[in-house]
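All remarks here apply to the structure that follows.
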Amino acid sequence: MLDNVPATVLTVSTRCSRGERTDESGPLAVRLLADLGCAVGPVRVVPDGEEPVREALRTALADGARVVLTTGGTGVSPTDRTPEATGPLLERELTGVAEAVRRHGTAPAAVLSRGLVGTVGSAVVVNAPGSTGGVSDTVAVVGPLLGHILDQLDGGDH
């Protein structure tokens with residue numbers, strides 16, 4: 001159980017940011033992270049694209065989030081650019097965790113996600129697909145690892 005670890009959820013969706021579609025994956029991510037013990041604020045919704053996502057990530061990290069979970073923008077459509085926005089910010093990529101998320105995916109399309117997982121300073125950044133199933137799969141894999149990852153980032157023993 002994570003003891004009030006500050007967390008931020010970013011929904012990446014141009015349609016949700018315009019109010020044309022209801023965000024379902026972001027609120028689910030908030031609930032799942034809160035169930036793990038994280039202190040999660042309201043979902044921040046940003047449009048697709050590298051710059052809006054990168055700026056939202058920088059803001060979340062600057063605001064003190066130790067866990068930042070994005071939902072959306074990890075597929076192969078022309079506007080899916082969340083990994084491209086995330087990659088340059090990561091100090092260390094946790095490729096094994098991202099691969100485990102894809103393997104855990106229950107939908108055949110789970111393997112199409114290009115989401116990244118990595119660290120920035122003392123924080124973990126996780127890109128989840130924009131579906132509720134993708135968020136559930138991601139948190140199912142990443143959730144049990146978060147305490148250990150954060151402890152390691154704080155200098156804990158292996």
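Residue names in the structure tokens use chain letters A, B, ... in the order shown, residue numbers from 1 in each chain, and ligand numbers from 1 in the order shown.
Considering only chain A, backbone DSSP assigns strand (DSSP E or B) to A:Pro6, A:Ala7, A:Thr8, A:Val9, A:Leu10, A:Thr11, A:Val12, A:Ala39, A:Val40, A:Arg44, A:Val45, A:Val46, A:Val67, A:Val68, A:Leu69, A:Thr70, A:Thr71, A:Arg92, A:Glu93, A:Val117, A:Gly118, A:Thr119, A:Val120, A:Ala123, A:Val124, A:Val125, A:Val126, A:Asn127, A:Ala128.
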Show me, as a list in words, the residues that have an atom within 10 Å of Val67 (chain A) when counting only C-alpha atoms, minus same-chain residues fewer than 3 positions from it.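 My reading of the contact set: Val5, Pro6, Ala7, Thr8, Val9, Leu33, Cys38, Ala39, Val40, Ala60, Leu61, Gly64, Thr70, Thr119, Val120, Ser122, Ala123, Val124, Val125, Val126, Leu146 and Leu150 of chain A.
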Selection near region 100-102 of chain A, 10 Å with only C-alpha atoms, sequence-local residues under 2 positions removed, as number ranges by chain: A: 95-98, 104-117, 128-129, 134-142
Students should find that CA of Pro78 (chain A) and CA of Gly133 (chain A) are spaced 22.0 Å
Give me the residues within 8 Å of Gly73 (chain A) as number ranges by chain, counting only C-alpha atoms and dropping any in the same chain fewer than 5 places off. A: 12-13, 48, 79-83, 129-130
Selection above as a file: all heavy atoms, as a CSV table (one decimal), in the first residue's frame:
chain,number,residue,atom,x,y,z
A,12,VAL,N,-5.1,12.0,-22.2
A,12,VAL,CA,-4.6,12.6,-23.4
A,12,VAL,C,-5.7,12.4,-24.5
A,12,VAL,O,-5.8,11.2,-25.0
A,12,VAL,CB,-3.2,12.1,-23.8
A,12,VAL,CG1,-2.8,12.7,-25.1
A,12,VAL,CG2,-2.2,12.3,-22.7
A,13,SER,N,-6.5,13.4,-24.8
A,13,SER,CA,-7.5,13.2,-25.8
A,13,SER,C,-8.0,14.6,-26.2
A,13,SER,O,-8.5,15.3,-25.4
A,13,SER,CB,-8.7,12.4,-25.2
A,13,SER,OG,-9.8,12.5,-26.0
A,48,ASP,N,-4.3,15.8,-27.6
A,48,ASP,CA,-3.3,15.0,-28.2
A,48,ASP,C,-2.2,15.9,-28.7
A,48,ASP,O,-2.4,17.1,-29.1
A,48,ASP,CB,-3.8,14.2,-29.4
A,48,ASP,CG,-4.7,13.0,-28.9
A,48,ASP,OD1,-4.2,12.1,-28.3
A,48,ASP,OD2,-5.9,13.1,-29.2
A,79,THR,N,-2.2,11.1,-34.5
A,79,THR,CA,-2.2,12.0,-33.4
A,79,THR,C,-1.7,11.4,-32.1
A,79,THR,O,-1.5,12.1,-31.1
A,79,THR,CB,-3.6,12.6,-33.1
A,79,THR,OG1,-4.5,11.6,-32.8
A,79,THR,CG2,-4.0,13.5,-34.3
A,80,ASP,N,-1.5,10.1,-32.1
A,80,ASP,CA,-1.0,9.4,-30.9
A,80,ASP,C,0.5,9.6,-30.7
A,80,ASP,O,1.4,9.0,-31.3
A,80,ASP,CB,-1.2,7.9,-31.0
A,80,ASP,CG,-2.7,7.5,-30.9
A,80,ASP,OD1,-3.4,8.2,-30.2
A,80,ASP,OD2,-3.1,6.4,-31.4
A,81,ARG,N,0.8,10.6,-29.8
A,81,ARG,CA,2.2,11.1,-29.7
A,81,ARG,C,2.7,11.1,-28.2
A,81,ARG,O,3.7,11.7,-27.9
A,81,ARG,CB,2.4,12.5,-30.3
A,81,ARG,CG,1.9,12.6,-31.7
A,81,ARG,CD,2.7,11.9,-32.7
A,81,ARG,NE,4.1,12.5,-32.7
A,81,ARG,CZ,5.1,11.9,-33.3
A,81,ARG,NH1,5.0,10.8,-34.0
A,81,ARG,NH2,6.3,12.5,-33.3
A,82,THR,N,1.9,10.4,-27.3
A,82,THR,CA,2.3,10.4,-25.9
A,82,THR,C,3.7,9.8,-25.7
A,82,THR,O,4.4,10.4,-24.9
A,82,THR,CB,1.2,9.7,-25.1
A,82,THR,OG1,-0.1,10.4,-25.3
A,82,THR,CG2,1.5,9.7,-23.6
A,83,PRO,N,4.0,8.7,-26.3
A,83,PRO,CA,5.4,8.2,-26.0
A,83,PRO,C,6.5,9.2,-26.5
A,83,PRO,O,7.5,9.3,-25.9
A,83,PRO,CB,5.4,6.9,-26.8
A,83,PRO,CG,4.0,6.5,-26.9
A,83,PRO,CD,3.2,7.7,-27.1
A,129,PRO,N,-2.8,2.9,-22.2
A,129,PRO,CA,-3.7,3.1,-23.3
A,129,PRO,C,-4.9,3.9,-22.9
A,129,PRO,O,-5.2,4.0,-21.7
A,129,PRO,CB,-4.1,1.7,-23.8
A,129,PRO,CG,-3.0,0.8,-23.2
A,129,PRO,CD,-2.5,1.5,-22.0
A,130,GLY,N,-5.6,4.5,-23.8
A,130,GLY,CA,-6.8,5.3,-23.5
A,130,GLY,C,-8.1,4.6,-23.2
A,130,GLY,O,-9.1,5.2,-22.9
Which of A:Ala65, A:Val53, A:Val46, A:Val76 sits closest to Cys16 (chain A) [using only C-alpha atoms]: A:Val46
